[in-house]
$ cat start01.txt   # compact mmCIF, C-alpha atoms
# COMPACT_ATOMS: atom_id res chain seq x y z
CA MET R 1 -36.31 -102.15 -106.25
CA SER R 2 -34.36 -104.59 -108.32
CA GLU R 3 -34.70 -108.31 -108.61
CA SER R 4 -31.96 -110.82 -109.17
CA ASP R 5 -31.53 -114.56 -109.04
CA ILE R 6 -29.03 -116.12 -106.68
CA TRP R 7 -28.09 -119.72 -107.24
CA PHE R 8 -27.39 -121.79 -104.16
CA CYS R 9 -27.00 -125.57 -104.14
CA GLY R 10 -28.40 -125.84 -107.63
CA LYS R 11 -31.57 -123.87 -106.87
CA ALA R 12 -32.43 -120.35 -107.93
CA PHE R 13 -33.66 -117.90 -105.33
CA ARG R 14 -35.21 -114.63 -106.31
CA VAL R 15 -33.90 -111.78 -104.16
CA VAL R 16 -35.42 -108.37 -104.05
CA VAL R 17 -32.92 -105.73 -102.95
CA SER R 18 -33.88 -102.15 -102.33
CA GLN R 19 -31.44 -99.39 -103.15
CA THR R 20 -31.70 -98.13 -99.58
CA LEU R 21 -30.65 -101.51 -98.19
CA LEU R 22 -27.80 -101.71 -100.70
CA ALA R 23 -26.63 -98.17 -99.80
CA ALA R 24 -26.81 -98.96 -96.07
CA GLY R 25 -24.77 -102.14 -96.50
CA LEU R 26 -22.18 -100.41 -98.64
CA GLY R 27 -22.02 -97.49 -96.18
CA GLY R 28 -21.46 -99.90 -93.30
CA ILE R 29 -18.60 -101.60 -95.11
CA VAL R 30 -16.96 -98.28 -95.99
CA GLY R 31 -17.44 -97.02 -92.42
CA ALA R 32 -15.91 -100.17 -90.92
CA PHE R 33 -12.95 -99.95 -93.27
CA GLY R 34 -12.46 -96.26 -92.40
CA THR R 35 -12.53 -97.00 -88.67
CA TYR R 36 -10.01 -99.81 -89.14
CA ALA R 37 -7.72 -97.55 -91.19
CA VAL R 38 -7.79 -94.79 -88.55
CA ARG R 39 -7.01 -97.28 -85.76
CA LEU R 40 -4.17 -98.76 -87.79
CA LEU R 41 -2.68 -95.30 -88.41
CA ARG R 42 -2.93 -94.39 -84.71
CA HIS R 43 -1.31 -97.70 -83.73
CA ARG R 44 1.58 -97.12 -86.14
CA GLN R 45 2.03 -93.56 -84.86
CA ARG R 46 2.15 -94.80 -81.24
CA GLU R 47 4.69 -97.44 -82.26
CA ARG R 48 6.90 -94.82 -83.99
CA THR R 49 6.69 -92.60 -80.90
CA GLN R 50 7.65 -95.51 -78.61
CA GLN R 51 10.48 -96.44 -80.97
CA ALA R 52 11.86 -92.87 -80.96
CA ARG R 53 11.65 -92.64 -77.15
CA LEU R 54 13.37 -96.00 -76.71
CA ARG R 55 16.11 -95.07 -79.17
CA ARG R 56 16.65 -91.70 -77.38
CA ALA R 57 16.86 -93.42 -73.99
CA LEU R 58 19.35 -96.02 -75.23
CA ILE R 59 21.48 -93.34 -76.90
CA ALA R 60 21.49 -91.35 -73.65
CA GLU R 61 22.48 -94.42 -71.62
CA MET R 62 25.25 -95.35 -74.03
CA ALA R 63 26.57 -91.78 -74.23
CA THR R 64 27.32 -91.92 -70.50
CA MET R 65 29.65 -94.90 -70.95
CA THR R 66 32.68 -92.82 -71.87
CA GLY R 67 34.63 -94.52 -69.09
CA LEU R 68 35.29 -97.30 -71.58
CA THR R 69 37.71 -95.17 -73.56
CA ARG R 70 38.85 -92.75 -70.88
CA ASP R 71 39.81 -95.27 -68.18
CA ARG R 72 41.22 -98.11 -70.28
CA ASP R 73 44.62 -96.51 -70.87
CA LYS R 74 44.99 -95.44 -67.22
CA ILE R 75 44.79 -98.99 -65.84
CA SER R 76 47.95 -101.05 -65.52
CA PRO R 77 47.92 -104.78 -66.45
CA LYS R 78 48.03 -105.57 -62.72
CA GLU R 79 44.83 -103.61 -62.02
CA LEU R 80 41.21 -104.38 -62.71
CA PRO R 81 38.95 -101.80 -64.31
CA THR R 82 35.76 -100.86 -62.55
CA SER R 83 32.71 -103.00 -63.38
CA HIS R 84 30.57 -99.86 -63.41
CA ILE R 85 31.85 -98.68 -66.78
CA VAL R 86 28.71 -100.06 -68.44
CA SER R 87 25.22 -99.06 -67.39
CA THR R 88 22.46 -101.50 -68.37
CA VAL R 89 19.45 -100.04 -66.55
CA VAL R 90 17.65 -98.63 -69.61
CA PHE R 91 18.35 -101.72 -71.70
CA GLU R 92 17.18 -104.13 -68.98
CA ASN R 93 14.04 -102.12 -68.20
CA ASN R 94 13.10 -101.97 -71.89
CA SER R 95 14.22 -105.38 -73.10
CA ASP R 96 10.61 -106.25 -73.94
CA LYS R 97 10.45 -103.28 -76.32
CA ILE R 98 13.71 -103.85 -78.20
CA GLY R 99 11.71 -105.46 -81.03
CA LEU R 100 10.36 -101.99 -81.90
CA LEU R 101 13.79 -101.08 -83.25
CA THR R 102 15.24 -102.13 -86.58
CA GLU R 103 16.80 -105.56 -86.96
CA SER R 104 20.30 -104.10 -87.21
CA GLU R 105 19.80 -101.96 -84.08
CA THR R 106 18.44 -104.93 -82.15
CA GLU R 107 21.35 -107.11 -83.22
CA ALA R 108 23.93 -104.45 -82.30
CA LEU R 109 22.31 -103.82 -78.89
CA ILE R 110 22.16 -107.51 -78.03
CA GLN R 111 25.80 -108.03 -79.07
CA PHE R 112 26.98 -105.05 -77.04
CA TYR R 113 25.00 -105.72 -73.87
CA SER R 114 25.70 -109.47 -73.97
CA TYR R 115 29.42 -108.81 -74.23
CA ALA R 116 29.17 -106.14 -71.53
CA HIS R 117 27.49 -108.69 -69.26
CA LEU R 118 30.27 -111.20 -69.99
CA VAL R 119 32.99 -108.63 -69.20
CA ARG R 120 31.21 -107.61 -66.00
CA THR R 121 30.94 -111.27 -64.91
CA GLN R 122 34.64 -111.81 -65.65
CA LEU R 123 35.52 -108.70 -63.66
CA ASP R 124 33.49 -109.84 -60.67
CA TYR R 125 35.10 -113.29 -60.78
CA SER R 126 38.58 -111.78 -61.07
CA ARG R 127 37.86 -109.51 -58.10
CA SER R 128 36.98 -112.55 -56.02
CA LEU R 129 40.27 -114.20 -57.11
CA LEU R 130 42.15 -111.05 -56.22
CA PHE R 131 40.53 -110.93 -52.81
CA GLU R 132 41.36 -114.59 -52.08
CA ALA R 133 44.88 -114.59 -53.59
CA ASN R 134 47.90 -115.04 -51.33
CA HIS R 135 50.10 -113.13 -53.79
CA PRO R 136 47.84 -110.72 -55.71
CA GLU R 137 50.89 -108.99 -57.17
CA HIS R 138 51.45 -112.07 -59.38
CA LEU R 139 48.03 -111.85 -60.99
CA ASP R 140 47.91 -110.45 -64.52
CA PHE R 141 44.72 -108.83 -65.74
CA SER R 142 46.03 -107.57 -69.08
CA HIS R 143 43.45 -109.69 -70.96
CA PHE R 144 40.80 -107.27 -69.68
CA HIS R 145 42.38 -104.52 -71.73
CA ASP R 146 41.65 -106.56 -74.88
CA ASN R 147 38.12 -107.29 -73.65
CA ILE R 148 37.50 -103.61 -73.00
CA LYS R 149 38.89 -102.68 -76.44
CA LYS R 150 36.40 -105.09 -78.01
CA LEU R 151 33.62 -103.76 -75.78
CA GLU R 152 34.58 -100.23 -76.83
CA ALA R 153 34.35 -101.18 -80.53
CA LEU R 154 30.91 -102.76 -79.97
CA TRP R 155 29.83 -99.68 -77.99
CA GLU R 156 30.81 -97.30 -80.78
CA ALA R 157 29.22 -99.47 -83.51
CA THR R 158 25.98 -99.78 -81.52
CA LEU R 159 25.80 -96.06 -80.79
CA LYS R 160 26.41 -95.27 -84.47
CA GLU R 161 23.64 -97.70 -85.49
CA LEU R 162 21.17 -96.04 -83.12
CA LEU R 163 22.16 -92.57 -84.33
CA ALA R 164 21.89 -93.60 -87.99
CA ASN R 165 18.25 -94.58 -87.45
CA SER R 166 17.33 -91.60 -85.30
CA SER R 167 15.32 -88.87 -86.97
CA GLU R 168 15.97 -86.52 -84.04
CA MET R 169 19.68 -86.93 -83.36
CA ASN R 170 22.59 -87.22 -85.75
CA GLU R 171 25.40 -86.98 -83.25
CA VAL R 172 25.91 -87.15 -79.52
CA GLU R 173 28.14 -84.92 -77.48
CA LEU R 174 29.75 -87.15 -74.91
CA PRO R 175 29.80 -86.04 -71.27
CA ASN R 176 32.82 -84.42 -69.63
CA GLY R 177 34.00 -82.96 -72.95
CA ASP R 178 35.07 -86.38 -74.22
CA GLY R 179 34.10 -85.63 -77.82
CA VAL R 180 31.32 -86.22 -80.28
CA ILE R 181 30.17 -89.41 -81.96
CA SER R 182 28.07 -89.61 -85.10
CA PRO R 183 27.05 -92.45 -87.43
CA HIS R 184 29.40 -91.15 -90.13
CA LYS R 185 32.60 -90.84 -88.13
CA GLY R 186 34.26 -92.18 -85.02
CA THR R 187 34.57 -90.48 -81.68
CA SER R 188 36.21 -87.12 -82.23
CA SER R 189 37.68 -85.16 -79.39
CA THR R 190 36.42 -81.65 -78.80
CA ASP R 191 39.99 -80.63 -77.88
CA SER R 192 41.34 -81.06 -81.43
$ encode --input "start01.txt" --output "C-alpha cells"
Amino acid sequence: MSESDIWFCGKAFRVVVSQTLLAAGLGGIVGAFGTYAVRLLRHRQRERTQQARLRRALIAEMATMTGLTRDRDKISPKELPTSHIVSTVVFENNSDKIGLLTESETEALIQFYSYAHLVRTQLDYSRSLLFEANHPEHLDFSHFHDNIKKLEALWEATLKELLANSSEMNEVELPNGDGVISPHKGTSSTDS
C-alpha cells in the first residue's frame, strides 16, 4: 500500500491506494479504450462498405444512361427527346446516404441530377405545349439539343468522378456496345 496526500479546497487528505485497486482502475480504463477503438474501427469499416455499395449502384445507374449520347443526334429540332433518358431511381432512393461519398462526388451528383430534373421538367412542359398546340409543326425544340449536350457533359464528368474514387472499378463498359468510360479518358467507342 502507498500513501499520498491529495489537496482539495486548501485541505490535505491522506489517501491510501492499494496496488490492486490501482491495477483494476488502470485495467478498466485500458479495457474501455480498447472497446471504443474496436467499435470505431467496425463503424468505419461499415461506412466504407456502404460507400462502396452506393458508389457501385450509382455507377451502374449512370452507365445505363447511354441514350443521352446515342439518341441526341437522331432527333430533329422539331422533335422532343424522350424524358426517360435519365434514370433517377438509385439516386432518389439513396439521397440520404450521398453524404458518405466524397465532397467532389456529392457535388457532381447533385449538379447532374438537378440538371437532369430540370431537363425532364422542361420536356414534360414542352410535351404539354405540343399536345395543346394548333400548329405543332411551328414549334422549335432545338434548345433541348443544347440542354442534352450540357446534361451529357455533366453525366460524363460525374461518372468519371465516381470511377476515380472507386477502388473496385476503373472503367465501365457501357451497355449495347456503346463504348467504355474511365476517369482518365472520355467515352471511347468499342468499334474503333
$ residues_around --input "start01.txt" --residues "Phe91 in chain R" --least-positions-apart "5" --cutoff "9 Å" --atoms "all atoms listed in the file" --output "list in words"
Ala57, Leu58, Glu61, Ile98, Leu109 and Tyr113 of chain R
$ write_last_selection --input "start01.txt" --atoms "C-alpha atoms" --output "PDB file, in the frame of the given file"
ATOM      1  CA  ALA R  57      16.860 -93.420 -73.990  1.00  0.00           C
ATOM      2  CA  LEU R  58      19.350 -96.020 -75.230  1.00  0.00           C
ATOM      3  CA  GLU R  61      22.480 -94.420 -71.620  1.00  0.00           C
ATOM      4  CA  ILE R  98      13.710-103.850 -78.200  1.00  0.00           C
ATOM      5  CA  LEU R 109      22.310-103.820 -78.890  1.00  0.00           C
ATOM      6  CA  TYR R 113      25.000-105.720 -73.870  1.00  0.00           C
TER       7      TYR R 113
END
$ residues_around --input "start01.txt" --residues "Arg48 in chain R" --least-positions-apart "5" --cutoff "10 Å" --atoms "all atoms listed in the file" --output "ChimeraX atom specification"
/R:42-43,53-54,100-101
$ residues_around --input "start01.txt" --residues "Ala108 in chain R" --least-positions-apart "2" --cutoff "10 Å" --atoms "all atoms listed in the file" --output "NGL selection string"
:R and (102-106 or 110-114 or 154-155 or 157-162)
$ atom_distance --input "start01.txt" --atom1 "CA of Lys149 in chain R" --atom2 "CA of Ala116 in chain R"
11.4 Å
$ closest_residue --input "start01.txt" --among "R:Ala52, R:Ser128, R:Leu22, R:Leu41" --to "Lys97 in chain R" --atoms "only C-alpha atoms"
R:Ala52
$ closest_residue --input "start01.txt" --among "R:Asn147, R:Glu171, R:His117, R:Gly34" --to "Glu92 in chain R" --atoms "only C-alpha atoms"
R:His117
$ atom_distance --input "start01.txt" --atom1 "CA of Ile148 in chain R" --atom2 "CA of Arg56 in chain R"
24.4 Å
$ atom_distance --input "start01.txt" --atom1 "CA of Glu168 in chain R" --atom2 "CA of Arg55 in chain R"
9.8 Å
$ closest_residue --input "start01.txt" --among "R:Ala23, R:Ile59, R:Val86, R:His143" --to "Ala164 in chain R" --atoms "only C-alpha atoms"
R:Ile59
$ build_atoms --input "start01.txt" --residues "range 152-170 of chain R" --atoms "N, CA and C atoms" --output "compact mmCIF listing (two decimals), keeping the file's coordinate frame"
# COMPACT_ATOMS: atom_id res chain seq x y z
N GLU R 152 34.58 -101.61 -76.32
CA GLU R 152 34.58 -100.23 -76.83
C GLU R 152 34.18 -100.19 -78.31
N ALA R 153 34.70 -101.13 -79.10
CA ALA R 153 34.35 -101.18 -80.53
C ALA R 153 32.87 -101.50 -80.71
N LEU R 154 32.34 -102.43 -79.91
CA LEU R 154 30.91 -102.76 -79.97
C LEU R 154 30.07 -101.57 -79.53
N TRP R 155 30.53 -100.87 -78.50
CA TRP R 155 29.83 -99.68 -77.99
C TRP R 155 29.70 -98.63 -79.09
N GLU R 156 30.83 -98.33 -79.74
CA GLU R 156 30.81 -97.30 -80.78
C GLU R 156 29.93 -97.72 -81.96
N ALA R 157 30.03 -98.98 -82.38
CA ALA R 157 29.22 -99.47 -83.51
C ALA R 157 27.73 -99.42 -83.17
N THR R 158 27.39 -99.78 -81.94
CA THR R 158 25.98 -99.78 -81.52
C THR R 158 25.45 -98.35 -81.45
N LEU R 159 26.22 -97.46 -80.89
CA LEU R 159 25.80 -96.06 -80.79
C LEU R 159 25.63 -95.45 -82.19
N LYS R 160 26.54 -95.76 -83.09
CA LYS R 160 26.41 -95.27 -84.47
C LYS R 160 25.15 -95.82 -85.14
N GLU R 161 24.84 -97.09 -84.90
CA GLU R 161 23.64 -97.70 -85.49
C GLU R 161 22.38 -97.01 -84.98
N LEU R 162 22.33 -96.74 -83.69
CA LEU R 162 21.17 -96.04 -83.12
C LEU R 162 21.05 -94.63 -83.69
N LEU R 163 22.17 -93.94 -83.79
CA LEU R 163 22.16 -92.57 -84.33
C LEU R 163 21.76 -92.55 -85.81
N ALA R 164 22.20 -93.54 -86.56
CA ALA R 164 21.89 -93.60 -87.99
C ALA R 164 20.39 -93.75 -88.23
N ASN R 165 19.69 -94.37 -87.30
CA ASN R 165 18.25 -94.58 -87.45
C ASN R 165 17.41 -93.56 -86.70
N SER R 166 18.06 -92.62 -86.05
CA SER R 166 17.33 -91.60 -85.30
C SER R 166 16.99 -90.43 -86.20
N SER R 167 15.73 -90.04 -86.18
CA SER R 167 15.32 -88.87 -86.97
C SER R 167 15.56 -87.58 -86.19
N GLU R 168 15.83 -87.70 -84.89
CA GLU R 168 15.97 -86.52 -84.04
C GLU R 168 17.43 -86.16 -83.74
N MET R 169 18.30 -87.16 -83.75
CA MET R 169 19.68 -86.93 -83.36
C MET R 169 20.60 -87.45 -84.45
N ASN R 170 21.63 -86.70 -84.79
CA ASN R 170 22.59 -87.22 -85.75
C ASN R 170 23.99 -87.29 -85.18
